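Participant: If it helps, the file is called protein_12.cif and holds mmCIF, C-alpha atoms and all ligand atoms:
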data_upload
loop_
_atom_site.label_atom_id
_atom_site.label_comp_id
_atom_site.auth_asym_id
_atom_site.auth_seq_id
_atom_site.Cartn_x
_atom_site.Cartn_y
_atom_site.Cartn_z
CA MET B 10 11.69 14.02 -10.47
CA ASP B 11 8.20 15.31 -11.33
CA LYS B 12 6.22 17.54 -9.03
CA GLN B 13 2.58 17.74 -10.01
CA LEU B 14 -0.18 19.06 -7.77
CA TYR B 15 -3.39 17.05 -7.78
CA ASP B 16 -6.58 17.86 -5.91
CA LEU B 17 -6.92 14.16 -5.05
CA ILE B 18 -4.57 11.22 -5.35
CA ILE B 19 -6.11 7.81 -4.82
CA VAL B 20 -3.82 4.97 -3.84
CA GLY B 21 -5.43 1.85 -5.30
CA ALA B 22 -7.16 0.62 -8.43
CA GLY B 23 -9.91 -1.60 -7.04
CA PRO B 24 -13.65 -0.87 -6.74
CA ALA B 25 -13.24 1.62 -3.85
CA ALA B 26 -10.60 3.58 -5.75
CA MET B 27 -12.36 3.47 -9.11
CA SER B 28 -15.70 4.54 -7.64
CA ALA B 29 -13.94 7.49 -5.96
CA ALA B 30 -12.27 8.35 -9.29
CA VAL B 31 -15.66 8.53 -11.01
CA TYR B 32 -17.04 10.96 -8.41
CA ALA B 33 -13.89 13.07 -8.10
CA GLY B 34 -13.38 13.31 -11.86
CA ARG B 35 -17.00 14.22 -12.39
CA GLY B 36 -16.73 16.73 -9.52
CA GLN B 37 -13.95 18.46 -11.49
CA LEU B 38 -11.11 17.55 -9.13
CA LYS B 39 -7.74 17.00 -10.77
CA THR B 40 -7.50 13.34 -9.83
CA ALA B 41 -5.10 10.45 -10.31
CA PHE B 42 -5.46 6.89 -9.10
CA PHE B 43 -2.47 4.60 -8.78
CA GLY B 44 -2.03 0.86 -8.92
CA ASP B 45 -2.30 -2.25 -10.99
CA GLU B 46 -5.99 -3.08 -11.39
CA THR B 47 -5.17 -6.79 -11.78
CA LYS B 48 -3.65 -6.99 -8.28
CA GLY B 49 -6.77 -6.34 -6.20
CA ASN B 50 -9.20 -8.79 -4.64
CA LEU B 51 -11.99 -8.12 -7.13
CA TYR B 52 -9.76 -9.27 -9.96
CA LYS B 53 -9.30 -12.60 -8.12
CA SER B 54 -13.04 -13.26 -7.93
CA HIS B 55 -14.44 -15.81 -10.39
CA ILE B 56 -18.04 -14.73 -10.34
CA ILE B 57 -19.78 -11.73 -8.80
CA SER B 58 -23.46 -12.45 -8.48
CA ASN B 59 -24.45 -9.91 -5.81
CA TYR B 60 -23.49 -6.56 -7.31
CA LEU B 61 -26.55 -4.55 -8.22
CA GLY B 62 -27.16 -4.02 -11.91
CA PHE B 63 -25.19 -7.04 -13.09
CA PRO B 64 -27.70 -9.94 -13.06
CA GLU B 65 -25.61 -12.00 -15.46
CA ASP B 66 -22.82 -12.81 -13.01
CA PRO B 67 -19.79 -11.06 -14.47
CA THR B 68 -16.34 -12.35 -13.58
CA GLY B 69 -14.14 -10.20 -11.32
CA PRO B 70 -11.82 -9.24 -14.21
CA GLU B 71 -14.83 -8.24 -16.37
CA LEU B 72 -16.14 -5.95 -13.63
CA VAL B 73 -12.66 -4.48 -13.10
CA GLU B 74 -12.31 -3.72 -16.81
CA LEU B 75 -15.67 -1.94 -16.90
CA GLY B 76 -14.83 -0.07 -13.69
CA LEU B 77 -11.53 1.11 -15.12
CA LYS B 78 -13.20 2.42 -18.27
CA HIS B 79 -15.80 4.21 -16.14
CA ALA B 80 -13.20 5.65 -13.73
CA LYS B 81 -11.26 7.25 -16.58
CA ARG B 82 -14.36 8.58 -18.35
CA PHE B 83 -14.56 11.82 -16.35
CA GLY B 84 -10.89 12.70 -16.56
CA ALA B 85 -9.26 10.84 -13.67
CA GLU B 86 -5.79 9.75 -14.70
CA HIS B 87 -4.78 6.13 -14.12
CA ILE B 88 -1.10 5.61 -13.33
CA ARG B 89 -0.37 1.90 -13.18
CA GLN B 90 2.49 2.24 -10.69
CA GLU B 91 2.85 1.33 -7.07
CA ILE B 92 3.01 4.08 -4.44
CA VAL B 93 5.92 3.40 -2.12
CA ASP B 94 5.73 6.43 0.15
CA VAL B 95 3.17 8.98 1.35
CA SER B 96 4.12 11.88 3.63
CA LEU B 97 2.38 14.92 5.05
CA ASN B 98 3.95 18.31 4.30
CA GLN B 99 4.00 21.30 6.65
CA ASP B 100 1.49 23.17 4.47
CA GLU B 101 -0.97 20.25 4.92
CA THR B 102 -0.49 18.95 1.36
CA PHE B 103 0.82 15.43 0.74
CA SER B 104 3.85 14.13 -1.16
CA LEU B 105 3.66 10.71 -2.76
CA LYS B 106 6.41 8.71 -4.41
CA ASP B 107 5.88 5.92 -6.92
CA ASN B 108 8.11 2.95 -7.63
CA LEU B 109 9.74 4.79 -10.54
CA GLN B 110 10.82 7.48 -8.05
CA ASN B 111 8.42 10.08 -9.49
CA THR B 112 6.96 12.38 -6.86
CA TYR B 113 3.49 13.87 -6.82
CA GLN B 114 1.84 16.48 -4.64
CA ALA B 115 -1.78 16.31 -3.60
CA LYS B 116 -4.18 18.46 -1.62
CA THR B 117 -6.00 15.32 -0.47
CA VAL B 118 -5.23 11.59 -0.50
CA LEU B 119 -7.50 8.56 -0.44
CA LEU B 120 -6.10 5.22 0.67
CA ALA B 121 -7.99 2.39 -1.05
CA THR B 122 -5.36 -0.32 -1.05
CA GLY B 123 -7.56 -3.28 -0.15
CA GLN B 124 -6.81 -5.85 2.50
CA SER B 125 -3.09 -5.81 2.52
CA TYR B 126 -1.38 -6.40 5.79
CA VAL B 127 1.24 -8.73 4.39
CA LEU B 128 2.60 -11.02 7.06
CA SER B 129 5.63 -13.04 6.06
CA GLY B 130 4.42 -16.28 7.64
CA ILE B 131 7.87 -16.83 9.11
CA LYS B 132 7.77 -18.66 12.43
CA GLY B 133 8.37 -16.21 15.29
CA GLU B 134 7.25 -13.14 13.33
CA GLN B 135 4.41 -12.22 15.67
CA GLU B 136 6.36 -13.14 18.80
CA TYR B 137 9.19 -10.74 17.87
CA THR B 138 7.07 -7.91 16.49
CA GLY B 139 8.20 -4.88 18.49
CA LYS B 140 11.18 -6.92 19.71
CA GLY B 141 13.40 -6.34 16.71
CA VAL B 142 10.78 -7.00 14.04
CA SER B 143 9.23 -3.88 12.52
CA TYR B 144 7.05 -2.93 9.56
CA CYS B 145 7.90 0.75 9.24
CA VAL B 146 11.31 2.42 8.89
CA THR B 147 9.89 5.91 9.45
CA CYS B 148 8.38 4.74 12.73
CA ASP B 149 11.15 2.52 14.10
CA GLY B 150 14.34 3.16 12.10
CA PHE B 151 15.61 5.37 14.93
CA PHE B 152 15.93 2.34 17.24
CA PHE B 153 18.44 0.70 14.90
CA LYS B 154 21.15 3.39 14.79
CA ASN B 155 24.37 1.83 13.41
CA LYS B 156 22.94 -1.67 13.86
CA GLN B 157 23.08 -4.57 11.45
CA VAL B 158 19.61 -4.79 9.94
CA VAL B 159 17.87 -6.83 7.27
CA VAL B 160 14.90 -5.92 5.12
CA ILE B 161 12.78 -8.85 3.96
CA GLY B 162 11.12 -8.42 0.59
CA SER B 163 11.85 -8.54 -3.10
CA GLY B 164 10.07 -5.56 -4.68
CA ASP B 165 10.36 -1.79 -4.89
CA TYR B 166 8.75 -1.33 -1.50
CA ALA B 167 11.62 -3.29 0.12
CA ALA B 168 14.12 -1.14 -1.79
CA GLU B 169 12.41 2.05 -0.60
CA GLU B 170 12.45 0.90 3.03
CA ALA B 171 16.15 -0.07 2.77
CA LEU B 172 17.04 3.34 1.31
CA GLN B 173 15.15 5.08 4.11
CA LEU B 174 17.14 3.02 6.64
CA LEU B 175 20.35 4.73 5.44
CA ALA B 176 19.40 7.68 7.66
CA TYR B 177 20.09 5.39 10.63
CA THR B 178 22.62 2.75 9.64
CA PRO B 179 24.91 1.82 6.76
CA ASN B 180 24.67 -1.93 7.56
CA ILE B 181 21.68 -3.01 5.52
CA THR B 182 20.96 -6.27 3.69
CA ILE B 183 17.83 -7.09 1.70
CA LEU B 184 16.84 -10.78 1.69
CA SER B 185 14.52 -11.92 -1.10
CA HIS B 186 12.73 -14.62 0.96
CA GLY B 187 12.26 -17.23 -1.77
CA LYS B 188 11.72 -14.88 -4.73
CA GLU B 189 13.86 -13.20 -7.37
CA PHE B 190 14.37 -9.47 -6.86
CA ALA B 191 12.18 -7.27 -9.02
CA PHE B 192 13.55 -3.77 -8.44
CA ASN B 193 13.18 -1.18 -11.12
CA GLN B 194 16.36 0.29 -12.58
CA ALA B 195 16.33 3.49 -10.50
CA PHE B 196 16.10 1.58 -7.21
CA GLN B 197 18.71 -0.93 -8.39
CA GLU B 198 21.18 1.90 -8.99
CA GLU B 199 20.43 3.63 -5.68
CA LEU B 200 20.93 0.39 -3.74
CA GLY B 201 24.27 -0.22 -5.48
CA LYS B 202 25.48 3.36 -4.92
CA ASN B 203 24.71 3.07 -1.21
CA ASN B 204 26.31 -0.35 -0.71
CA ILE B 205 23.08 -1.99 0.36
CA LYS B 206 23.57 -5.75 0.03
CA THR B 207 20.93 -7.77 -1.79
CA ILE B 208 20.89 -11.55 -1.37
CA VAL B 209 18.56 -13.91 -3.22
CA THR B 210 17.69 -16.35 -0.47
CA PRO B 211 15.44 -19.36 0.05
CA ARG B 212 12.39 -18.66 2.20
CA LEU B 213 13.09 -17.91 5.83
CA ALA B 214 11.93 -20.62 8.21
CA SER B 215 12.11 -18.96 11.61
CA LEU B 216 13.26 -16.07 13.76
CA SER B 217 14.84 -16.60 17.15
CA GLY B 218 16.59 -14.84 20.03
CA GLU B 219 16.23 -14.21 23.73
CA GLU B 220 14.42 -10.96 24.56
CA LYS B 221 14.90 -9.66 21.03
CA VAL B 222 15.35 -11.30 17.67
CA THR B 223 19.01 -12.05 16.92
CA LYS B 224 18.94 -14.87 14.38
CA LEU B 225 17.28 -15.81 11.10
CA THR B 226 17.11 -19.42 9.90
CA PHE B 227 16.54 -20.33 6.25
CA THR B 228 14.62 -23.31 4.93
CA LYS B 229 17.60 -24.31 2.73
CA PRO B 230 21.32 -23.45 2.74
CA LEU B 231 22.51 -20.22 1.09
CA THR B 232 25.13 -20.41 -1.67
CA ASP B 233 27.91 -20.28 0.98
CA GLY B 234 26.37 -23.30 2.74
CA SER B 235 25.12 -21.40 5.80
CA THR B 236 21.55 -21.78 6.99
CA GLU B 237 21.53 -18.98 9.58
CA MET B 238 22.24 -15.26 9.72
CA ALA B 239 22.73 -12.95 12.69
CA THR B 240 20.84 -9.65 12.86
CA ASP B 241 19.99 -6.78 15.20
CA GLY B 242 16.69 -6.07 13.53
CA ILE B 243 14.29 -6.96 10.75
CA PHE B 244 12.06 -4.76 8.63
CA MET B 245 9.28 -6.63 6.85
CA ALA B 246 8.53 -5.20 3.40
CA ILE B 247 6.87 -8.04 1.57
CA GLY B 248 4.73 -7.35 -1.47
CA ILE B 249 3.69 -3.77 -2.03
CA ALA B 250 3.14 -1.10 0.58
CA GLY B 251 -0.33 -1.53 2.04
CA ALA B 252 -2.53 0.90 3.87
CA ASN B 253 -1.07 -0.16 7.20
CA ALA B 254 2.43 0.85 6.22
CA PHE B 255 1.22 4.29 5.15
CA ALA B 256 -1.06 4.58 8.16
CA LYS B 257 1.81 4.08 10.59
CA LYS B 258 3.94 6.68 8.85
CA LEU B 259 1.10 9.20 8.78
CA GLY B 260 -0.01 8.64 12.36
CA LEU B 261 -3.46 7.34 11.43
CA GLU B 262 -5.69 5.87 14.10
CA MET B 263 -6.27 2.18 13.53
CA ASP B 264 -8.90 -0.29 14.58
CA GLY B 265 -6.80 -3.46 14.74
CA ASN B 266 -5.35 -3.84 11.26
CA TYR B 267 -7.85 -1.45 9.70
CA ILE B 268 -7.79 2.30 9.21
CA LYS B 269 -10.36 4.02 11.41
CA VAL B 270 -12.75 6.16 9.36
CA ASP B 271 -16.10 7.83 9.93
CA LYS B 272 -19.09 7.31 7.63
CA ASP B 273 -17.71 9.91 5.21
CA GLY B 274 -14.33 8.20 4.88
CA LEU B 275 -12.52 10.76 7.05
CA THR B 276 -9.50 9.62 9.05
CA ASN B 277 -8.00 11.52 11.98
CA VAL B 278 -5.62 13.34 9.57
CA LYS B 279 -7.15 16.28 7.70
CA GLY B 280 -7.24 15.69 3.94
CA LEU B 281 -6.54 11.98 4.24
CA PHE B 282 -9.39 9.58 3.51
CA ALA B 283 -9.70 5.80 3.37
CA ALA B 284 -12.22 3.48 1.73
CA GLY B 285 -12.89 -0.18 0.98
CA ASP B 286 -11.41 -3.31 2.49
CA CYS B 287 -8.53 -1.42 4.15
CA THR B 288 -11.06 0.19 6.51
CA GLY B 289 -12.60 -3.09 7.68
CA SER B 290 -15.95 -2.35 6.06
CA PRO B 291 -17.77 -5.50 4.88
CA PRO B 292 -15.47 -7.01 2.23
CA GLN B 293 -17.90 -6.61 -0.62
CA VAL B 294 -17.78 -4.81 -3.94
CA ALA B 295 -20.96 -2.88 -3.11
CA SER B 296 -19.63 -1.56 0.21
CA SER B 297 -16.27 -0.68 -1.32
CA VAL B 298 -17.96 1.25 -4.12
CA GLY B 299 -20.14 3.05 -1.56
CA ASN B 300 -17.17 3.91 0.65
CA GLY B 301 -15.25 5.22 -2.35
CA CYS B 302 -18.18 7.45 -3.26
CA ASN B 303 -18.46 8.86 0.29
CA ALA B 304 -14.73 9.57 0.54
CA ALA B 305 -14.66 11.28 -2.86
CA LEU B 306 -17.61 13.51 -1.90
CA SER B 307 -15.72 14.45 1.28
CA ALA B 308 -12.61 15.28 -0.75
CA ILE B 309 -14.63 17.43 -3.17
CA LYS B 310 -16.15 19.35 -0.25
CA LEU B 311 -12.76 19.93 1.36
CA VAL B 312 -10.97 21.00 -1.82
CA ARG B 313 -13.78 23.30 -2.89
CA GLY B 314 -14.54 24.62 0.60
CA LEU B 315 -18.17 23.47 0.40
CA ARG B 316 -20.43 22.43 3.26
CA ALA B 317 -22.36 20.02 1.06
CA TYR B 318 -21.90 18.57 -2.41
CA ILE B 319 -23.98 16.28 -4.58
CA GLN B 320 -24.38 16.20 -8.34
CA TYR B 321 -27.41 14.51 -9.85
CA ASN B 322 -26.86 15.05 -13.55
C1 LIG U 1 -11.95 -14.96 -4.16
C2 LIG U 1 -12.79 -13.76 -3.81
C3 LIG U 1 -14.14 -13.76 -4.11
C4 LIG U 1 -14.93 -12.65 -3.81
N1 LIG U 1 -16.26 -12.65 -4.13
C5 LIG U 1 -17.02 -11.56 -3.92
C6 LIG U 1 -18.39 -11.53 -4.30
O1 LIG U 1 -18.93 -12.49 -4.84
N2 LIG U 1 -19.08 -10.37 -4.08
C7 LIG U 1 -18.52 -9.27 -3.48
O2 LIG U 1 -19.21 -8.25 -3.35
N3 LIG U 1 -17.24 -9.29 -3.09
C8 LIG U 1 -16.46 -10.40 -3.28
N4 LIG U 1 -15.14 -10.40 -2.87
C9 LIG U 1 -14.61 -9.25 -2.11
C10 LIG U 1 -14.27 -8.04 -3.00
O3 LIG U 1 -13.47 -8.47 -4.08
C11 LIG U 1 -13.56 -6.96 -2.18
O4 LIG U 1 -14.37 -6.61 -1.07
C12 LIG U 1 -13.27 -5.71 -3.01
O5 LIG U 1 -12.49 -6.02 -4.12
C13 LIG U 1 -12.53 -4.67 -2.15
O6 LIG U 1 -12.29 -3.54 -2.94
P1 LIG U 1 -11.08 -2.56 -2.59
O7 LIG U 1 -11.09 -1.50 -3.65
O8 LIG U 1 -11.15 -2.14 -1.17
O9 LIG U 1 -9.76 -3.46 -2.71
P2 LIG U 1 -9.16 -4.35 -3.87
O10 LIG U 1 -10.17 -4.79 -4.84
O11 LIG U 1 -8.38 -5.41 -3.17
O12 LIG U 1 -8.16 -3.37 -4.63
C14 LIG U 1 -7.01 -2.85 -4.02
C15 LIG U 1 -6.21 -2.10 -5.07
O13 LIG U 1 -5.17 -1.35 -4.44
C16 LIG U 1 -3.97 -1.49 -5.18
N5 LIG U 1 -2.86 -1.19 -4.29
C17 LIG U 1 -2.56 -1.74 -3.09
N6 LIG U 1 -1.45 -1.16 -2.57
C18 LIG U 1 -1.05 -0.23 -3.47
C19 LIG U 1 0.06 0.69 -3.51
N7 LIG U 1 0.96 0.77 -2.53
N8 LIG U 1 0.17 1.49 -4.60
C20 LIG U 1 -0.74 1.44 -5.61
N9 LIG U 1 -1.80 0.58 -5.61
C21 LIG U 1 -1.93 -0.23 -4.55
C22 LIG U 1 -4.03 -2.93 -5.70
O14 LIG U 1 -3.16 -3.11 -6.82
C23 LIG U 1 -5.52 -3.01 -6.09
O15 LIG U 1 -5.69 -2.46 -7.38
C24 LIG U 1 -14.33 -11.51 -3.17
C25 LIG U 1 -12.98 -11.52 -2.87
C26 LIG U 1 -12.20 -12.63 -3.18
C27 LIG U 1 -10.72 -12.60 -2.84
#
Can you dump the structure from the file as structure tokens?
Facilitator:
Amino acid sequence: MDKQLYDLIIVGAGPAAMSAAVYAGRGQLKTAFFGDETKGNLYKSHIISNYLGFPEDPTGPELVELGLKHAKRFGAEHIRQEIVDVSLNQDETFSLKDNLQNTYQAKTVLLATGQSYVLSGIKGEQEYTGKGVSYCVTCDGFFFKNKQVVVIGSGDYAAEEALQLLAYTPNITILSHGKEFAFNQAFQEELGKNNIKTIVTPRLASLSGEEKVTKLTFTKPLTDGSTEMATDGIFMAIGIAGANAFAKKLGLEMDGNYIKVDKDGLTNVKGLFAAGDCTGSPPQVASSVGNGCNAALSAIKLVRGLRAYIQYN
């Protein structure tokens, strides 16, 4: 387990994150940004014709590649791993854990995870949210003491949530919901050691129950022929952990599904900033780059104890 102290850790590798990395690196902050640059929305764009300075319509991947090169130019470190947990320490620093179980310490954190509230699309999900369906073990695990719970998801984020559930119950099953599991070795071993069941399942079709969810129904039979499973609770952990998952754990104020920030990227938690699509700003490369810049300038000011900071050359 590593413990490294950064001035700023940026969760994300899209335009908001990379813009922040340029400013923070250039502002002499010890900075790292996490994430796979090919997983963001910009990478999915065929042509970007409205980003200033690029009149020849670059593709999203071309712009991402240039951004990455630029972000690393002033010393920011790029770690192509997923962050699965962020927590606030008593001394107001932050601890972050990646999907390889490495831990990092940071004086400030910027969430730039893009639009990422991953709903499962299972019928009944919204109806039972708060009635047995949850998205955050740290927030709601307590309500499932010694209950039979399932975690839905196939990646390291699902494994992390299942391991955190052990504080409340030993009866945990992870359902893959139509995918193969893709846990890294360290998580695989931890799940096995702690008797957490993992079942490769077809997609789930629906959730049902009376006042609370009590039953899951699959689109196709499982290997034992059954098409249903009983449960006391469900934790959704599909895809990778998005800003919303972290926001709930950290007690961030939200505006609907978006993290509430001021014009400088400040959230209601000191030292924690957010930028880009996860804040509900116009979903554009230009606004994300601008937000990333503002948040990085705020982080520089906080770390250095300055009232104002700008560097023109
Ligand atoms: C098809 C399409 C076309 C578009 N066309 C245009 C256009 O023409 N012009 C325009 O200006 N905008 C366009 N957009 C919008 C633009 O792409 C987004 O507004 C912009 O990419 C948002 O930047 P971001 O940094 O907030 O998020 P993203 O670009 O989505 O990046 C998010 C990053 O966070 C990472 N991440 C998420 N969770 C974690 C985690 N737990 N740990 C580590 N990393 C994590 C992801 O891997 C990714 O690298 C388009 C979008 C799409 C989908």
Participant: Kindly assemble as JSON lines a list of the chain B residues that lie within 7 Å of ligand LIG 1 (chain U), each paired with its nearest atom pair and their distance in Å to one decimal, using only C-alpha atoms and all ligand atoms, sorted first by chain and then by ascending residue number.
Facilitator:
{"residue": "B:Val20", "atom": "CA", "partner": "U:LIG1", "partner_atom": "C20", "distance": 5.0}
{"residue": "B:Gly21", "atom": "CA", "partner": "U:LIG1", "partner_atom": "O13", "distance": 3.3}
{"residue": "B:Ala22", "atom": "CA", "partner": "U:LIG1", "partner_atom": "O15", "distance": 3.6}
{"residue": "B:Gly23", "atom": "CA", "partner": "U:LIG1", "partner_atom": "O12", "distance": 3.5}
{"residue": "B:Pro24", "atom": "CA", "partner": "U:LIG1", "partner_atom": "O7", "distance": 4.1}
{"residue": "B:Ala25", "atom": "CA", "partner": "U:LIG1", "partner_atom": "O7", "distance": 3.8}
{"residue": "B:Ala26", "atom": "CA", "partner": "U:LIG1", "partner_atom": "O7", "distance": 5.5}
{"residue": "B:Phe43", "atom": "CA", "partner": "U:LIG1", "partner_atom": "C20", "distance": 4.8}
{"residue": "B:Gly44", "atom": "CA", "partner": "U:LIG1", "partner_atom": "N9", "distance": 3.3}
{"residue": "B:Asp45", "atom": "CA", "partner": "U:LIG1", "partner_atom": "O14", "distance": 4.3}
{"residue": "B:Glu46", "atom": "CA", "partner": "U:LIG1", "partner_atom": "O15", "distance": 4.1}
{"residue": "B:Thr47", "atom": "CA", "partner": "U:LIG1", "partner_atom": "O15", "distance": 6.2}
{"residue": "B:Lys48", "atom": "CA", "partner": "U:LIG1", "partner_atom": "O14", "distance": 4.2}
{"residue": "B:Gly49", "atom": "CA", "partner": "U:LIG1", "partner_atom": "O11", "distance": 3.6}
{"residue": "B:Asn50", "atom": "CA", "partner": "U:LIG1", "partner_atom": "O11", "distance": 3.8}
{"residue": "B:Leu51", "atom": "CA", "partner": "U:LIG1", "partner_atom": "O3", "distance": 3.4}
{"residue": "B:Tyr52", "atom": "CA", "partner": "U:LIG1", "partner_atom": "O10", "distance": 6.8}
{"residue": "B:Lys53", "atom": "CA", "partner": "U:LIG1", "partner_atom": "C1", "distance": 5.3}
{"residue": "B:Ser54", "atom": "CA", "partner": "U:LIG1", "partner_atom": "C3", "distance": 4.0}
{"residue": "B:His55", "atom": "CA", "partner": "U:LIG1", "partner_atom": "C3", "distance": 6.6}
{"residue": "B:Ile56", "atom": "CA", "partner": "U:LIG1", "partner_atom": "O1", "distance": 6.0}
{"residue": "B:Ile57", "atom": "CA", "partner": "U:LIG1", "partner_atom": "O1", "distance": 4.1}
{"residue": "B:Ser58", "atom": "CA", "partner": "U:LIG1", "partner_atom": "O1", "distance": 5.8}
{"residue": "B:Asn59", "atom": "CA", "partner": "U:LIG1", "partner_atom": "N2", "distance": 5.7}
{"residue": "B:Tyr60", "atom": "CA", "partner": "U:LIG1", "partner_atom": "O2", "distance": 6.1}
{"residue": "B:Gln90", "atom": "CA", "partner": "U:LIG1", "partner_atom": "C20", "distance": 6.1}
{"residue": "B:Glu91", "atom": "CA", "partner": "U:LIG1", "partner_atom": "N8", "distance": 3.6}
{"residue": "B:Ile92", "atom": "CA", "partner": "U:LIG1", "partner_atom": "N8", "distance": 3.8}
{"residue": "B:Val93", "atom": "CA", "partner": "U:LIG1", "partner_atom": "N7", "distance": 5.6}
{"residue": "B:Ala121", "atom": "CA", "partner": "U:LIG1", "partner_atom": "O8", "distance": 5.5}
{"residue": "B:Thr122", "atom": "CA", "partner": "U:LIG1", "partner_atom": "O13", "distance": 3.5}
{"residue": "B:Gly123", "atom": "CA", "partner": "U:LIG1", "partner_atom": "O9", "distance": 3.4}
{"residue": "B:Gln124", "atom": "CA", "partner": "U:LIG1", "partner_atom": "O11", "distance": 5.9}
{"residue": "B:Ser125", "atom": "CA", "partner": "U:LIG1", "partner_atom": "C17", "distance": 7.0}
{"residue": "B:Ile249", "atom": "CA", "partner": "U:LIG1", "partner_atom": "N7", "distance": 5.3}
{"residue": "B:Ala250", "atom": "CA", "partner": "U:LIG1", "partner_atom": "N7", "distance": 4.2}
{"residue": "B:Gly251", "atom": "CA", "partner": "U:LIG1", "partner_atom": "N6", "distance": 4.8}
{"residue": "B:Ala252", "atom": "CA", "partner": "U:LIG1", "partner_atom": "N6", "distance": 6.8}
{"residue": "B:Ala284", "atom": "CA", "partner": "U:LIG1", "partner_atom": "O8", "distance": 6.4}
{"residue": "B:Gly285", "atom": "CA", "partner": "U:LIG1", "partner_atom": "O8", "distance": 3.4}
{"residue": "B:Asp286", "atom": "CA", "partner": "U:LIG1", "partner_atom": "O8", "distance": 3.9}
{"residue": "B:Cys287", "atom": "CA", "partner": "U:LIG1", "partner_atom": "O8", "distance": 6.0}
{"residue": "B:Pro291", "atom": "CA", "partner": "U:LIG1", "partner_atom": "O4", "distance": 6.9}
{"residue": "B:Pro292", "atom": "CA", "partner": "U:LIG1", "partner_atom": "O4", "distance": 3.5}
{"residue": "B:Gln293", "atom": "CA", "partner": "U:LIG1", "partner_atom": "O2", "distance": 3.4}
{"residue": "B:Val294", "atom": "CA", "partner": "U:LIG1", "partner_atom": "O2", "distance": 3.8}
{"residue": "B:Ala295", "atom": "CA", "partner": "U:LIG1", "partner_atom": "O2", "distance": 5.7}
{"residue": "B:Ser297", "atom": "CA", "partner": "U:LIG1", "partner_atom": "O6", "distance": 5.2}
Participant: Find the spatial neighbours of Leu225 in chain B, counting all atoms listed in the file, within a cut-off of 7 Å - ignore same-chain residues fewer than 2 positions away - and output them as a PyMOL selection string.
Facilitator: chain B and resi 215-217+227+237-239
Participant: CA of Val146 in chain B and CA of Ile247 in chain B are how many Å apart?
Facilitator: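 Rounded to one decimal, the two atoms are 13.5 Å apart.
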Participant: Please indicate the distance in Å from CA of Leu17 in chain B to CA of Glu170 in chain B, rounded to one decimal place.
Facilitator: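 Here the two named atoms are 24.8 Å from each other.
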Participant: List the neighbours of Gly76 in chain B out to 9 Å using all atoms listed in the file; skip same-chain residues closer than 2 positions along the sequence, and give me the result as a ChimeraX atom specification.
Facilitator: /B:23-24,27-28,71-74,78-81
Participant: Which is closest to Asp165 in chain B among B:Lys229, B:Lys272, B:Lys106, B:Lys39, if we use only C-alpha atoms?
Facilitator: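 That would be B:Lys106, the residue with the smallest distance to Asp165 in chain B.
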Participant: Looking at B:Phe103, B:Phe83, B:Phe244, B:Tyr32, which one is nearest to Tyr137 in chain B, with distances taken over all atoms listed in the file?
Facilitator: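 Distance minimum relative to Tyr137 in chain B lands on B:Phe244.
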Participant: Taking all atoms listed in the file into account, which of B:Gly260, B:Gly248, B:Gly280, B:Gly301 comes nearest Tyr166 in chain B?
Facilitator: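 The answer is B:Gly248, which sits nearest to Tyr166 in chain B.
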Participant: I'd like the interatomic distance between CA of Leu105 in chain B and CA of Phe196 in chain B, to a tenth of an Å.
Facilitator: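 For CA of Leu105 in chain B relative to CA of Phe196 in chain B, the distance reads 16.1 Å.
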Participant: Compare B:Thr276, B:Gln197, B:Asn111, B:Gln173 by their minimum atom-to-atom distance to Ser307 in chain B, counting all atoms listed in the file, and give me the closest one.
Facilitator: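 Residue with the minimum atom-to-atom distance to Ser307 in chain B: B:Thr276.
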Participant: Name the residues, using the chain letters and numbers of the file, that sit within 8 Å of (14.0, -1.7, -6.2) when counting all atoms listed in the file, and give them as a ChimeraX atom specification.
Facilitator: /B:108,163-169,190-197,200
Participant: Tell me which of B:Ala246, B:Ala256, B:Val142, B:Leu231 sits closest to Val160 in chain B, counting only C-alpha atoms.
Facilitator: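 For Val160 in chain B, the nearest of the candidates is B:Ala246.
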Participant: So that I can see what lies close to Asn203 in chain B, please list as a compact mmCIF listing (two decimals) with C-alpha atoms, in the frame of the given file the residues with an atom at most 12 Å from it, counting all atoms listed in the file and leaving out residues fewer than 5 positions away in the same chain.
Facilitator:
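The resulting file, part.txt, is reproduced below:
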# COMPACT_ATOMS: atom_id res chain seq x y z
CA ALA B 168 14.12 -1.14 -1.79
CA ALA B 171 16.15 -0.07 2.77
CA LEU B 172 17.04 3.34 1.31
CA GLN B 173 15.15 5.08 4.11
CA LEU B 174 17.14 3.02 6.64
CA LEU B 175 20.35 4.73 5.44
CA ALA B 176 19.40 7.68 7.66
CA THR B 178 22.62 2.75 9.64
CA PRO B 179 24.91 1.82 6.76
CA ASN B 180 24.67 -1.93 7.56
CA ILE B 181 21.68 -3.01 5.52
CA THR B 182 20.96 -6.27 3.69
CA PHE B 196 16.10 1.58 -7.21
CA GLN B 197 18.71 -0.93 -8.39
CA GLU B 198 21.18 1.90 -8.99
Participant: With all atoms listed in the file as the atoms that count, which of B:Leu97, B:Ala115, B:Val222, B:Ala254 lies nearest to Leu38 in chain B?
Facilitator: B:Ala115
Participant: Hey, could you pull the box centre and edge lengths for range 298-316 of chain B, axis-aligned, 3 Å padding per side, all listed atoms, to one decimal in Å, as JSON?
Facilitator:
{"center_x": -15.7, "center_y": 12.9, "center_z": -0.4, "size_x": 15.5, "size_y": 29.4, "size_z": 13.4}
